[in-house]
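Colleague: My file is start28.cif. It has mmCIF, C-alpha atoms and all ligand atoms:
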```cif
data_protein
loop_
_atom_site.label_atom_id
_atom_site.label_comp_id
_atom_site.auth_asym_id
_atom_site.auth_seq_id
_atom_site.Cartn_x
_atom_site.Cartn_y
_atom_site.Cartn_z
CA MET A 1 6.26 -17.92 -20.96
CA THR A 2 9.25 -15.74 -20.36
CA VAL A 3 9.59 -12.59 -18.37
CA THR A 4 9.68 -9.61 -20.72
CA ARG A 5 13.01 -7.84 -20.82
CA GLY A 6 13.15 -4.12 -21.40
CA ARG A 7 10.13 -3.67 -19.16
CA ALA A 8 10.92 0.00 -18.59
CA ALA A 9 8.42 0.50 -21.38
CA ILE A 10 5.57 -0.34 -19.02
CA ILE A 11 5.89 2.94 -17.12
CA ASP A 12 6.52 5.02 -20.23
CA SER A 13 3.63 3.50 -22.13
CA ALA A 14 1.26 3.77 -19.14
CA THR A 15 2.27 7.42 -18.72
CA LYS A 16 1.79 8.21 -22.42
CA ARG A 17 -1.53 6.36 -22.48
CA VAL A 18 -3.03 8.16 -19.47
CA GLN A 19 -1.70 11.52 -20.60
CA ALA A 20 -3.32 10.99 -24.00
CA MET A 21 -6.58 9.94 -22.34
CA TYR A 22 -6.80 12.50 -19.54
CA GLY A 23 -4.28 15.20 -20.54
CA SER A 24 -7.04 17.58 -21.60
CA ALA A 25 -7.84 17.95 -17.89
CA VAL A 26 -4.52 19.72 -17.23
CA GLY A 27 -5.22 23.32 -16.29
CA ARG A 28 -8.80 22.58 -15.19
CA LYS A 29 -10.06 23.12 -11.67
CA ARG A 30 -10.91 19.93 -9.82
CA GLN A 31 -14.59 20.91 -9.84
CA GLU A 32 -14.46 20.90 -13.66
CA LEU A 33 -13.25 17.30 -13.99
CA VAL A 34 -15.22 14.52 -15.61
CA THR A 35 -16.22 12.40 -12.65
CA PRO A 36 -15.49 10.14 -10.93
CA ALA A 37 -11.83 11.14 -11.03
CA LEU A 38 -8.97 10.15 -8.75
CA VAL A 39 -7.37 13.34 -7.45
CA LEU A 40 -4.02 13.67 -5.70
CA ASP A 41 -3.01 16.92 -4.00
CA VAL A 42 0.72 16.95 -4.65
CA ASP A 43 1.57 19.42 -1.88
CA ALA A 44 -0.39 17.46 0.74
CA LEU A 45 1.29 14.26 -0.48
CA GLN A 46 4.74 15.83 -0.10
CA ARG A 47 3.90 17.15 3.38
CA ASN A 48 2.89 13.60 4.40
CA LEU A 49 6.16 12.17 3.08
CA ASP A 50 8.21 14.91 4.74
CA ARG A 51 6.39 14.45 8.04
CA MET A 52 7.09 10.73 8.03
CA ALA A 53 10.74 11.34 7.10
CA ALA A 54 11.24 13.88 9.89
CA ARG A 55 9.56 11.79 12.58
CA ILE A 56 11.07 8.45 11.69
CA ALA A 57 14.56 9.96 11.62
CA GLU A 58 14.21 10.24 15.42
CA LEU A 59 13.19 6.58 15.89
CA PRO A 60 15.17 3.34 15.81
CA ALA A 61 13.49 1.86 12.72
CA GLY A 62 13.53 3.09 9.13
CA ILE A 63 10.60 3.29 6.74
CA ARG A 64 10.05 0.82 3.91
CA PRO A 65 6.74 2.13 2.54
CA HIS A 66 4.15 -0.30 1.23
CA ILE A 67 3.35 0.90 -2.30
CA LYS A 68 0.32 -1.34 -2.95
CA VAL A 69 -1.59 1.62 -1.53
CA HIS A 70 -0.76 3.99 -4.40
CA LYS A 71 0.78 1.87 -7.18
CA SER A 72 2.58 4.97 -8.42
CA PRO A 73 6.21 5.01 -9.63
CA GLU A 74 6.33 8.78 -9.02
CA ILE A 75 5.13 8.53 -5.41
CA SER A 76 7.58 5.68 -4.84
CA ARG A 77 10.47 7.80 -6.15
CA ARG A 78 9.43 10.61 -3.83
CA GLN A 79 9.33 8.17 -0.89
CA MET A 80 12.86 7.04 -1.72
CA ALA A 81 14.00 10.67 -2.03
CA ALA A 82 12.49 11.22 1.44
CA GLY A 83 14.83 8.58 2.87
CA ALA A 84 12.97 5.26 2.54
CA LEU A 85 15.16 2.15 2.95
CA GLY A 86 13.45 0.49 0.00
CA LEU A 87 9.87 -0.48 -0.79
CA CYS A 88 7.35 -3.12 0.21
CA THR A 89 5.07 -4.47 -2.46
CA ALA A 90 2.14 -6.87 -2.31
CA THR A 91 2.76 -8.48 -5.70
CA VAL A 92 5.64 -9.53 -7.89
CA TRP A 93 4.29 -7.22 -10.61
CA GLU A 94 4.45 -4.20 -8.32
CA ALA A 95 8.06 -5.09 -7.51
CA MET A 96 8.91 -5.39 -11.22
CA VAL A 97 7.36 -2.01 -12.01
CA MET A 98 9.09 -0.28 -9.12
CA PHE A 99 12.42 -1.74 -10.21
CA GLU A 100 11.78 -0.16 -13.60
CA ALA A 101 11.06 3.09 -11.75
CA GLY A 102 14.68 2.92 -10.60
CA ILE A 103 14.24 1.39 -7.14
CA ASP A 104 16.31 -1.70 -6.52
CA ASP A 105 15.61 -2.66 -2.89
CA LEU A 106 12.27 -4.44 -2.93
CA PHE A 107 10.47 -6.59 -0.38
CA VAL A 108 7.43 -8.51 -1.60
CA ALA A 109 5.75 -8.58 1.80
CA ASN A 110 3.46 -11.46 0.90
CA THR A 111 3.98 -15.15 0.33
CA ILE A 112 4.17 -15.91 -3.41
CA ALA A 113 3.23 -19.17 -5.13
CA GLY A 114 2.81 -20.35 -8.71
CA PRO A 115 5.65 -21.09 -11.17
CA ASP A 116 5.39 -17.94 -13.33
CA LYS A 117 5.34 -15.56 -10.40
CA ILE A 118 8.17 -17.36 -8.64
CA ARG A 119 10.29 -17.35 -11.79
CA ALA A 120 9.60 -13.64 -12.34
CA LEU A 121 10.66 -12.94 -8.78
CA ALA A 122 13.84 -15.02 -9.10
CA GLU A 123 14.75 -13.28 -12.37
CA LEU A 124 14.13 -9.86 -10.83
CA ALA A 125 16.58 -10.81 -8.08
CA ARG A 126 19.36 -10.99 -10.70
CA ASP A 127 19.21 -7.20 -11.01
CA ALA A 128 17.74 -6.02 -7.71
CA LYS A 129 17.93 -6.81 -4.01
CA VAL A 130 14.71 -8.80 -3.65
CA ARG A 131 13.15 -10.18 -0.49
CA VAL A 132 10.00 -12.22 -0.15
CA ALA A 133 7.85 -13.51 2.71
CA VAL A 134 7.81 -17.26 3.33
CA ASP A 135 5.86 -19.41 5.79
CA ASP A 136 6.07 -22.83 4.17
CA ALA A 137 8.98 -25.22 3.56
CA SER A 138 7.78 -26.45 0.15
CA ASN A 139 7.39 -22.82 -0.96
CA ALA A 140 11.00 -22.20 0.12
CA ASP A 141 12.02 -25.22 -1.99
CA ALA A 142 10.29 -23.75 -5.05
CA LEU A 143 11.90 -20.34 -4.50
CA SER A 144 15.33 -21.92 -4.12
CA LYS A 145 14.91 -23.94 -7.32
CA ALA A 146 13.82 -20.87 -9.27
CA ALA A 147 16.65 -18.72 -7.91
CA LEU A 148 19.16 -21.45 -8.79
CA ALA A 149 17.78 -21.60 -12.34
CA ALA A 150 17.84 -17.80 -12.64
CA GLY A 151 21.33 -17.52 -11.19
CA SER A 152 20.11 -15.18 -8.46
CA THR A 153 19.81 -15.05 -4.68
CA LEU A 154 16.48 -14.36 -2.98
CA GLY A 155 16.33 -12.76 0.44
CA ILE A 156 13.92 -14.65 2.66
CA MET A 157 11.80 -13.09 5.39
CA ILE A 158 9.95 -15.65 7.47
CA GLU A 159 6.43 -14.38 7.99
CA VAL A 160 5.17 -14.53 11.56
CA ASP A 161 1.45 -14.27 12.36
CA THR A 162 1.57 -11.66 15.10
CA GLY A 163 -2.18 -11.86 15.73
CA MET A 164 -3.79 -11.03 12.42
CA ASP A 165 -4.87 -14.62 11.70
CA ARG A 166 -3.52 -14.37 8.19
CA ALA A 167 -0.40 -15.95 6.72
CA GLY A 168 2.66 -16.69 8.84
CA VAL A 169 4.12 -19.17 11.28
CA ASP A 170 2.61 -19.10 14.75
CA ASP A 171 5.59 -19.49 17.05
CA GLY A 172 9.34 -19.68 17.53
CA ASP A 173 9.54 -23.45 17.08
CA ALA A 174 7.87 -23.30 13.67
CA ALA A 175 10.04 -20.35 12.64
CA LEU A 176 13.21 -22.15 13.76
CA LYS A 177 12.32 -25.31 11.84
CA LEU A 178 11.65 -23.25 8.71
CA ALA A 179 14.82 -21.14 9.13
CA GLN A 180 16.91 -24.32 9.47
CA HIS A 181 15.28 -25.70 6.32
CA ILE A 182 15.97 -22.45 4.44
CA ALA A 183 19.62 -22.50 5.57
CA ARG A 184 20.06 -25.80 3.74
CA LEU A 185 18.68 -24.51 0.43
CA PRO A 186 20.89 -23.01 -2.28
CA ASN A 187 20.41 -19.45 -3.58
CA LEU A 188 18.34 -18.33 -0.61
CA ARG A 189 19.61 -15.90 2.02
CA PHE A 190 17.74 -15.74 5.30
CA ASP A 191 17.37 -12.04 6.15
CA GLY A 192 14.89 -11.87 8.99
CA LEU A 193 11.25 -11.81 10.04
CA THR A 194 8.17 -9.98 8.86
CA GLY A 195 5.17 -9.59 11.16
CA TYR A 196 2.65 -6.97 10.00
CA GLU A 197 0.26 -6.40 12.93
CA GLY A 198 -2.70 -5.44 10.71
CA HIS A 199 -5.29 -6.64 13.25
CA CYS A 200 -4.40 -3.64 15.44
CA SER A 201 -5.76 -1.29 12.77
CA LEU A 202 -9.19 -2.83 13.30
CA THR A 203 -9.17 -1.42 16.82
CA PRO A 204 -10.09 2.27 16.77
CA GLU A 205 -9.57 2.80 20.54
CA ARG A 206 -6.03 4.05 20.98
CA ASP A 207 -5.22 2.34 24.28
CA LEU A 208 -6.57 -1.01 23.19
CA ARG A 209 -4.73 -0.70 19.89
CA LEU A 210 -1.49 0.02 21.73
CA GLU A 211 -2.06 -2.98 23.98
CA LYS A 212 -2.54 -5.22 20.94
CA GLN A 213 0.48 -3.72 19.21
CA ARG A 214 2.63 -4.42 22.28
CA ALA A 215 1.41 -8.00 22.46
CA ALA A 216 2.10 -8.44 18.74
CA MET A 217 5.67 -7.09 19.07
CA ALA A 218 6.31 -9.23 22.17
CA LEU A 219 5.32 -12.32 20.19
CA PHE A 220 7.37 -11.15 17.19
CA THR A 221 10.57 -10.41 19.09
CA GLY A 222 10.09 -13.65 21.04
CA VAL A 223 10.21 -15.55 17.74
CA ALA A 224 13.39 -13.64 16.83
CA ASP A 225 14.93 -14.58 20.20
CA ARG A 226 14.23 -18.26 19.55
CA LEU A 227 16.18 -18.07 16.28
CA ILE A 228 19.02 -16.05 17.80
CA ALA A 229 19.32 -18.53 20.69
CA ALA A 230 19.78 -21.27 18.07
CA GLY A 231 22.64 -19.30 16.50
CA ILE A 232 20.71 -17.82 13.57
CA GLU A 233 21.36 -14.21 12.68
CA VAL A 234 18.17 -12.15 12.35
CA ARG A 235 19.21 -8.94 10.63
CA VAL A 236 15.80 -7.54 9.76
CA LEU A 237 12.64 -7.22 11.84
CA SER A 238 9.95 -5.67 9.66
CA ALA A 239 6.36 -4.85 10.68
CA GLY A 240 3.99 -1.93 11.16
CA GLY A 241 1.19 -0.17 9.32
CA THR A 242 -0.22 3.34 9.41
CA GLY A 243 -2.38 2.57 12.46
CA THR A 244 0.61 1.56 14.60
CA TRP A 245 3.71 2.85 12.80
CA GLU A 246 4.92 5.26 15.45
CA TRP A 247 4.88 2.65 18.22
CA THR A 248 6.39 -0.03 16.01
CA ALA A 249 9.11 2.30 14.70
CA ALA A 250 9.90 3.28 18.31
CA HIS A 251 10.46 -0.37 19.33
CA PRO A 252 14.22 -0.75 19.92
CA ARG A 253 14.36 -4.13 18.16
CA LEU A 254 12.44 -3.25 14.99
CA THR A 255 14.56 -2.31 11.98
CA GLU A 256 11.87 -1.16 9.54
CA VAL A 257 8.18 -0.28 9.32
CA GLN A 258 5.99 -1.16 6.37
CA ALA A 259 3.41 1.62 6.62
CA GLY A 260 1.91 2.71 3.31
CA THR A 261 -1.36 4.58 3.66
CA TYR A 262 0.27 7.54 5.45
CA ALA A 263 1.21 8.98 2.03
CA VAL A 264 -2.38 9.44 0.86
CA MET A 265 -4.56 8.55 3.88
CA ASP A 266 -8.22 7.53 3.95
CA MET A 267 -11.12 7.48 6.42
CA PHE A 268 -10.23 4.02 7.73
CA HIS A 269 -6.81 5.19 8.92
CA GLY A 270 -7.50 8.92 9.46
CA HIS A 271 -8.45 8.82 13.13
CA MET A 272 -5.51 6.52 13.96
CA SER A 273 -2.82 8.74 12.44
CA PRO A 274 -4.12 12.26 12.75
CA GLY A 275 -0.88 13.97 11.68
CA PHE A 276 -1.27 13.02 8.03
CA GLU A 277 -3.44 14.81 5.46
CA HIS A 278 -5.99 13.38 3.04
CA SER A 279 -3.96 14.00 -0.11
CA LEU A 280 -6.15 11.53 -2.02
CA THR A 281 -9.77 12.23 -2.90
CA VAL A 282 -12.26 11.16 -5.52
CA GLN A 283 -14.02 13.98 -7.33
CA ALA A 284 -17.68 13.11 -7.91
CA THR A 285 -20.87 14.79 -9.11
CA VAL A 286 -24.23 14.93 -7.36
CA ILE A 287 -26.62 13.03 -9.63
CA SER A 288 -29.75 12.92 -7.47
CA LYS A 289 -31.16 14.48 -4.33
CA PRO A 290 -34.06 12.34 -3.20
CA HIS A 291 -35.64 12.91 0.21
CA GLY A 292 -32.99 12.55 2.94
CA HIS A 293 -30.14 11.66 0.60
CA ILE A 294 -27.46 13.03 -1.68
CA ILE A 295 -26.37 10.63 -4.41
CA VAL A 296 -23.05 11.00 -6.23
CA ASP A 297 -21.76 9.24 -9.35
CA ALA A 298 -18.99 7.38 -7.48
CA GLY A 299 -20.26 4.05 -6.19
CA ASN A 300 -18.44 0.92 -5.16
CA LYS A 301 -16.91 0.58 -8.64
CA SER A 302 -15.09 3.83 -7.90
CA MET A 303 -14.35 3.64 -4.19
CA GLY A 304 -13.00 1.12 -1.69
CA ALA A 305 -15.01 0.87 1.55
CA GLY A 306 -17.59 3.43 0.48
CA GLY A 307 -19.36 2.90 3.79
CA LEU A 308 -16.59 4.92 5.44
CA ALA A 309 -16.34 7.63 2.76
CA THR A 310 -17.09 11.27 3.53
CA ILE A 311 -17.80 14.40 1.49
CA VAL A 312 -15.21 17.14 2.06
CA GLY A 313 -16.87 20.09 3.79
CA TYR A 314 -20.13 18.30 4.62
CA PRO A 315 -20.89 16.25 7.72
CA TYR A 316 -22.92 13.60 5.86
CA GLU A 317 -22.53 9.91 6.59
CA SER A 318 -22.51 7.23 3.95
CA PHE A 319 -25.89 5.49 3.69
CA ARG A 320 -25.09 2.87 1.05
CA PHE A 321 -22.78 2.37 -1.89
CA ASP A 322 -24.15 0.63 -5.00
CA GLU A 323 -22.07 0.09 -8.11
CA GLU A 324 -22.54 3.56 -9.60
CA HIS A 325 -24.31 5.31 -6.73
CA GLY A 326 -22.64 6.70 -3.63
CA ILE A 327 -25.52 7.50 -1.30
CA PHE A 328 -25.11 9.81 1.70
CA ASN A 329 -27.63 10.80 4.36
CA ALA A 330 -28.27 14.53 3.95
CA PRO A 331 -31.01 16.87 5.05
CA THR A 332 -33.37 18.26 2.41
CA GLU A 333 -32.07 21.75 3.17
CA SER A 334 -28.51 20.71 2.19
CA PRO A 335 -27.01 23.35 -0.13
CA LEU A 336 -25.75 20.60 -2.43
CA LYS A 337 -27.77 20.23 -5.62
CA VAL A 338 -27.78 17.99 -8.66
CA GLY A 339 -24.79 18.83 -10.85
CA ASP A 340 -22.53 20.01 -8.01
CA SER A 341 -19.00 18.62 -7.98
CA VAL A 342 -17.75 17.35 -4.60
CA ALA A 343 -14.57 15.81 -3.26
CA LEU A 344 -14.93 12.48 -1.44
CA VAL A 345 -12.39 11.13 1.02
CA PRO A 346 -12.15 7.40 0.28
CA GLY A 347 -13.01 4.88 2.95
CA TYR A 348 -9.99 2.80 1.98
CA SER A 349 -7.29 4.08 -0.38
CA PRO A 350 -5.74 0.86 -1.73
CA GLY A 351 -9.17 -0.41 -2.77
CA THR A 352 -9.95 2.96 -4.38
CA VAL A 353 -6.76 3.60 -6.37
CA ASN A 354 -6.94 0.14 -7.92
CA TRP A 355 -10.07 1.13 -9.88
CA TYR A 356 -8.33 3.96 -11.72
CA ASP A 357 -5.90 4.28 -14.62
CA ALA A 358 -4.61 7.65 -13.51
CA TYR A 359 -4.21 10.30 -10.87
CA HIS A 360 -5.27 13.85 -11.63
CA VAL A 361 -2.44 15.57 -9.79
CA VAL A 362 -3.56 18.93 -8.45
CA LYS A 363 -1.85 21.92 -6.89
CA ASP A 364 -4.13 24.52 -5.33
CA ASP A 365 -7.06 22.51 -6.79
CA VAL A 366 -5.90 22.93 -10.40
CA VAL A 367 -4.75 19.89 -12.41
CA LEU A 368 -1.04 20.08 -13.03
CA ASP A 369 -0.23 16.59 -14.30
CA ILE A 370 -1.56 13.09 -14.95
CA TRP A 371 0.28 10.17 -13.34
CA PRO A 372 -0.44 6.52 -14.13
CA VAL A 373 -1.55 3.88 -11.65
CA VAL A 374 0.74 1.01 -12.56
CA PRO A 375 0.50 -1.97 -12.36
CA ARG A 376 -3.23 -1.52 -12.08
CA GLY A 377 -5.51 -4.36 -10.97
CA PRO A 378 -4.54 -7.91 -10.04
CA GLY A 379 -3.12 -8.96 -13.44
CA HIS A 380 0.46 -9.02 -14.61
CA ASN A 381 -0.14 -6.06 -16.92
CA GLY A 382 1.83 -7.68 -19.72
CA LEU A 383 4.91 -8.14 -17.55
CA LEU A 384 4.86 -11.80 -18.59
CA ALA A 385 5.05 -12.32 -22.34
CA GLY A 386 4.55 -15.39 -24.48
C1 LIG B 401 1.98 -6.88 4.90
C2 LIG B 401 1.53 -5.46 5.01
N1 LIG B 401 2.40 -4.54 5.46
C3 LIG B 401 2.07 -3.25 5.56
C4 LIG B 401 0.81 -2.80 5.19
C5 LIG B 401 0.55 -1.32 5.22
O1 LIG B 401 -0.43 -0.93 6.06
P1 LIG B 401 -1.05 0.53 5.98
O2 LIG B 401 -1.62 0.69 4.63
O3 LIG B 401 -2.06 0.51 7.06
O4 LIG B 401 0.03 1.51 6.24
C6 LIG B 401 -0.13 -3.72 4.74
C7 LIG B 401 -1.50 -3.30 4.41
O5 LIG B 401 -2.42 -4.03 4.19
C8 LIG B 401 0.24 -5.09 4.63
O6 LIG B 401 -0.61 -6.03 4.18
#
```
Written as structure tokens, how would this file's structure read?
Modeller:
Amino acid sequence: MTVTRGRAAIIDSATKRVQAMYGSAVGRKRQELVTPALVLDVDALQRNLDRMAARIAELPAGIRPHIKVHKSPEISRRQMAAGALGLCTATVWEAMVMFEAGIDDLFVANTIAGPDKIRALAELARDAKVRVAVDDASNADALSKAALAAGSTLGIMIEVDTGMDRAGVDDGDAALKLAQHIARLPNLRFDGLTGYEGHCSLTPERDLRLEKQRAAMALFTGVADRLIAAGIEVRVLSAGGTGTWEWTAAHPRLTEVQAGTYAVMDMFHGHMSPGFEHSLTVQATVISKPHGHIIVDAGNKSMGAGGLATIVGYPYESFRFDEEHGIFNAPTESPLKVGDSVALVPGYSPGTVNWYDAYHVVKDDVVLDIWPVVPRGPGHNGLLAG
């Protein structure tokens, strides 16, 4: 297998494909869409990006938005135009697509294994500034070998587990050992540390969340100090999500925050970052109104974390999400009736967007454009050929 050259085609062909499939919706009101449909309010999106840009300009860190949330070249370009330092991606394929969207400063904020993915990453680094998270010496060896073969240099960010119990080294000693190993490997450049404190977002109470965020950053900067004391330069300290971004960006040592959901928002993050609007919704149709419930045609094959979803304008709580049924508790006297079109705020945006080929981009609730979701799903979307 070889990495396809001339990949720019992936964005063009995805755009043409979704515009051919859904273009007839342009000019329609959102309530007239075939449902379920992913709907993006372009003005609300832009206000979110502008708000982040204005606020972060006053703080020590910059923003490197995580684009796994939206998987949209157009939103990424707007984030860059709003002053982003570069982008975070979750996958190599997202990084490849965003490079083709014209963005050449890319941090794959996950550890990456497997020969095809590593080679694709190393080849991408020939043309773009590419960083990747690492927490394992043998993985660093594989990255170095691939970068040597590709004739590129990969930027390495040692991942630190700041409390999430996910990937990452646990302490300064482990980070130092790994950094010293990396320093001996050709075609790798040690750039810094990454320490997304995602566990804090599971804590709705503000004060407790702040306490956890502080503990996470104390651990994180402590690891940096261990490396610095050993004579290793740590240029980048990257962390932060939508639930903690303002505190993390205000930390004097942090250089960038990785928040992503702020652009589109969802119910999971809404209460933690109240300044941002729900620019992303799923339009759905009421398909049944049994006693005590309203059922819409967007189930858990259309929505991430349906249990947290809400119906815009109605105070109904989610009862259960089946594959094609989104079931909400609603009184019999609810004005909603079978056939009504409603907007749902997703429980979790990244897990919602990933189901869809396209955004119906609306302005004042009328569809103005169709934008592709690319790369959609977990696959390589044809970015590897052969
Ligand atoms: C490594 C990493 N950084 C940043 C983020 C962005 O977080 P959020 O979507 O809450 O802004 C995530 C989200 O899962 C992540 O996994």
Colleague: Name the closest residue to ligand LIG 401 (chain B) among the candidates A:Ile67, A:Met80, A:Ala343, A:Ile56; distances are taken between atoms, counting all atoms listed in the file.
Modeller: A:Ile67
Colleague: Give one line per residue of chain A that approaches ligand LIG 401 (chain B) to at most 9 Å, naming the two atoms of the closest pair and their distance in Å to one decimal, counting only C-alpha atoms and all ligand atoms; sort by chain then ascending residue number and deliver it as a tab-separated table.
Modeller:
```
residue	atom	partner	partner_atom	distance
A:Pro65	CA	B:LIG401	C5	7.6
A:His66	CA	B:LIG401	C5	5.5
A:Ile67	CA	B:LIG401	C5	8.3
A:Lys68	CA	B:LIG401	C7	7.8
A:Val69	CA	B:LIG401	O2	6.2
A:Cys88	CA	B:LIG401	N1	7.4
A:Thr89	CA	B:LIG401	C2	8.3
A:Ala90	CA	B:LIG401	O6	7.1
A:Val108	CA	B:LIG401	C1	8.6
A:Ala109	CA	B:LIG401	C1	5.2
A:Asn110	CA	B:LIG401	C1	6.3
A:Thr194	CA	B:LIG401	C1	8.0
A:Gly195	CA	B:LIG401	C1	7.5
A:Tyr196	CA	B:LIG401	C1	5.1
A:Glu197	CA	B:LIG401	N1	8.0
A:Gly198	CA	B:LIG401	O5	6.7
A:Ser201	CA	B:LIG401	O3	7.0
A:Ser238	CA	B:LIG401	N1	8.7
A:Ala239	CA	B:LIG401	N1	6.6
A:Gly240	CA	B:LIG401	C3	6.1
A:Gly241	CA	B:LIG401	O4	3.7
A:Thr242	CA	B:LIG401	O4	3.7
A:Gly243	CA	B:LIG401	O3	5.8
A:Thr244	CA	B:LIG401	O3	8.1
A:Trp245	CA	B:LIG401	O4	7.6
A:Val257	CA	B:LIG401	C3	7.8
A:Gln258	CA	B:LIG401	C3	4.5
A:Ala259	CA	B:LIG401	O4	3.4
A:Gly260	CA	B:LIG401	O4	3.7
A:Thr261	CA	B:LIG401	O2	4.0
A:Tyr262	CA	B:LIG401	O4	6.1
A:Ala263	CA	B:LIG401	O4	8.7
A:Met265	CA	B:LIG401	O2	8.4
A:Phe268	CA	B:LIG401	O3	8.9
A:His269	CA	B:LIG401	O3	6.9
A:Ser349	CA	B:LIG401	O2	8.3
A:Pro350	CA	B:LIG401	O2	7.6
```
Colleague: Compare A:His293, A:Lys337, A:Lys16, A:Arg47 by their minimum atom-to-atom distance to A:Arg320, counting all atoms listed in the file, and give me the closest one.
Modeller: A:His293
Colleague: Of the candidates A:Ser138, A:Ala82, A:Trp93, A:Ser24, which shows the shortest atom-to-atom distance to A:Gly379, using only C-alpha atoms?
Modeller: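 Closest residue, counting only C-alpha atoms: A:Trp93.
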Colleague: As JSON, what would the box around stretch 25-34 of chain A look like: edges along x, y and z, 3 Å added on every side, centre and edge lengths in Å to one decimal?
Modeller:
```
{"center_x": -9.9, "center_y": 18.9, "center_z": -13.9, "size_x": 16.7, "size_y": 14.8, "size_z": 14.1}
```
Colleague: When you draw a straight line from atom CA of A:Arg253 to atom CA of A:Ala216, how long is it in Å?
Modeller: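 About the pair atom CA of A:Arg253 and atom CA of A:Ala216: they are 13.0 Å apart.
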Colleague: To one decimal in Å, tell me the separation between atom CA of A:Tyr356 and atom CA of A:Leu45.
Modeller: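 Taking atom CA of A:Tyr356 as the start and atom CA of A:Leu45 as the end point, the length is 18.0 Å.
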Colleague: Would you mind listing what lies within 10 Å of stretch 157-168 of chain A as an MDAnalysis selection string, with all atoms listed in the file counted and same-chain residues fewer than 4 positions away left out?
Modeller: chainID A and resid 107:111 131:136 140 172 174:176 178:179 182 189:202 212:213 215:221 223:224 234:239
Colleague: Quick one: distance from atom CA of A:Ser318 to atom CA of A:Gly275 in Å, one decimal?
Modeller: 23.9 Å
Colleague: Of the candidates A:Lys129, A:Arg119, A:His181, A:Arg78, which shows the shortest atom-to-atom distance to A:Leu148, using only C-alpha atoms?
Modeller: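 Under the stated criterion, the closest residue is A:Arg119.
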Colleague: Taking only C-alpha atoms into account, name the residue in A:Glu277, A:Asp207, A:Glu256, A:Asp12 that is nearest to A:Gly62.
Modeller: A:Glu256
Colleague: Out of A:Lys177, A:Glu94, A:Met52, A:Pro73, which residue has the shortest atom-to-atom distance to A:Ile232 when counting all atoms listed in the file?
Modeller: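 Closest residue, counting all atoms listed in the file: A:Lys177.
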Colleague: Scan for residues within 10 Å of the point (11.2, 2.0, -9.6) in the coordinates of the file, using all atoms listed in the file, and reply as a list of chain:residue names.
Modeller: A:Ala8, A:Ile11, A:Ser72, A:Pro73, A:Glu74, A:Ile75, A:Ser76, A:Arg77, A:Met80, A:Gly86, A:Leu87, A:Glu94, A:Ala95, A:Met96, A:Val97, A:Met98, A:Phe99, A:Glu100, A:Ala101, A:Gly102, A:Ile103, A:Asp104, A:Asp105, A:Leu106
Colleague: Which residues are near stretch 26-31 of chain A? Cut-off 8 Å, all atoms listed in the file, ignore same chain within fewer than 2 positions. Put them as number ranges by chain.
Modeller: A: 22-24, 33, 39, 283, 341-342, 362, 365-370
Colleague: Can you list, as a ChimeraX atom specification, every protein, DNA or RNA residue that comes within 8 Å of A:Tyr359 when you count all atoms listed in the file, leaving out same-chain residues fewer than 5 positions away?
Modeller: /A:37-40,370-373
Colleague: Set the distance at 12 Å and use all atoms listed in the file: which residues neighbour A:Glu58 once local chain neighbours fewer than 2 positions away are removed? I'd like the list as a PyMOL selection string.
Modeller: chain A and resi 51-56+60-63+246+249-252
Colleague: I'd like the neighbourhood of A:Pro346 as an mmCIF file with C-alpha atoms, keeping the file's coordinate frame, where a residue qualifies if any of its atoms comes within 7 Å (using all atoms listed in the file), though same-chain residues fewer than 4 positions away should be ignored.
Modeller:
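Result went into around27.cif, see below:
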```
data_model
loop_
_atom_site.group_PDB
_atom_site.id
_atom_site.type_symbol
_atom_site.label_atom_id
_atom_site.label_comp_id
_atom_site.auth_asym_id
_atom_site.auth_seq_id
_atom_site.Cartn_x
_atom_site.Cartn_y
_atom_site.Cartn_z
ATOM 1 C CA ASP A 266 -8.220 7.530 3.950
ATOM 2 C CA MET A 267 -11.120 7.480 6.420
ATOM 3 C CA THR A 281 -9.770 12.230 -2.900
ATOM 4 C CA VAL A 282 -12.260 11.160 -5.520
ATOM 5 C CA MET A 303 -14.350 3.640 -4.190
ATOM 6 C CA GLY A 304 -13.000 1.120 -1.690
ATOM 7 C CA GLY A 306 -17.590 3.430 0.480
ATOM 8 C CA ALA A 309 -16.340 7.630 2.760
ATOM 9 C CA THR A 352 -9.950 2.960 -4.380
#
```
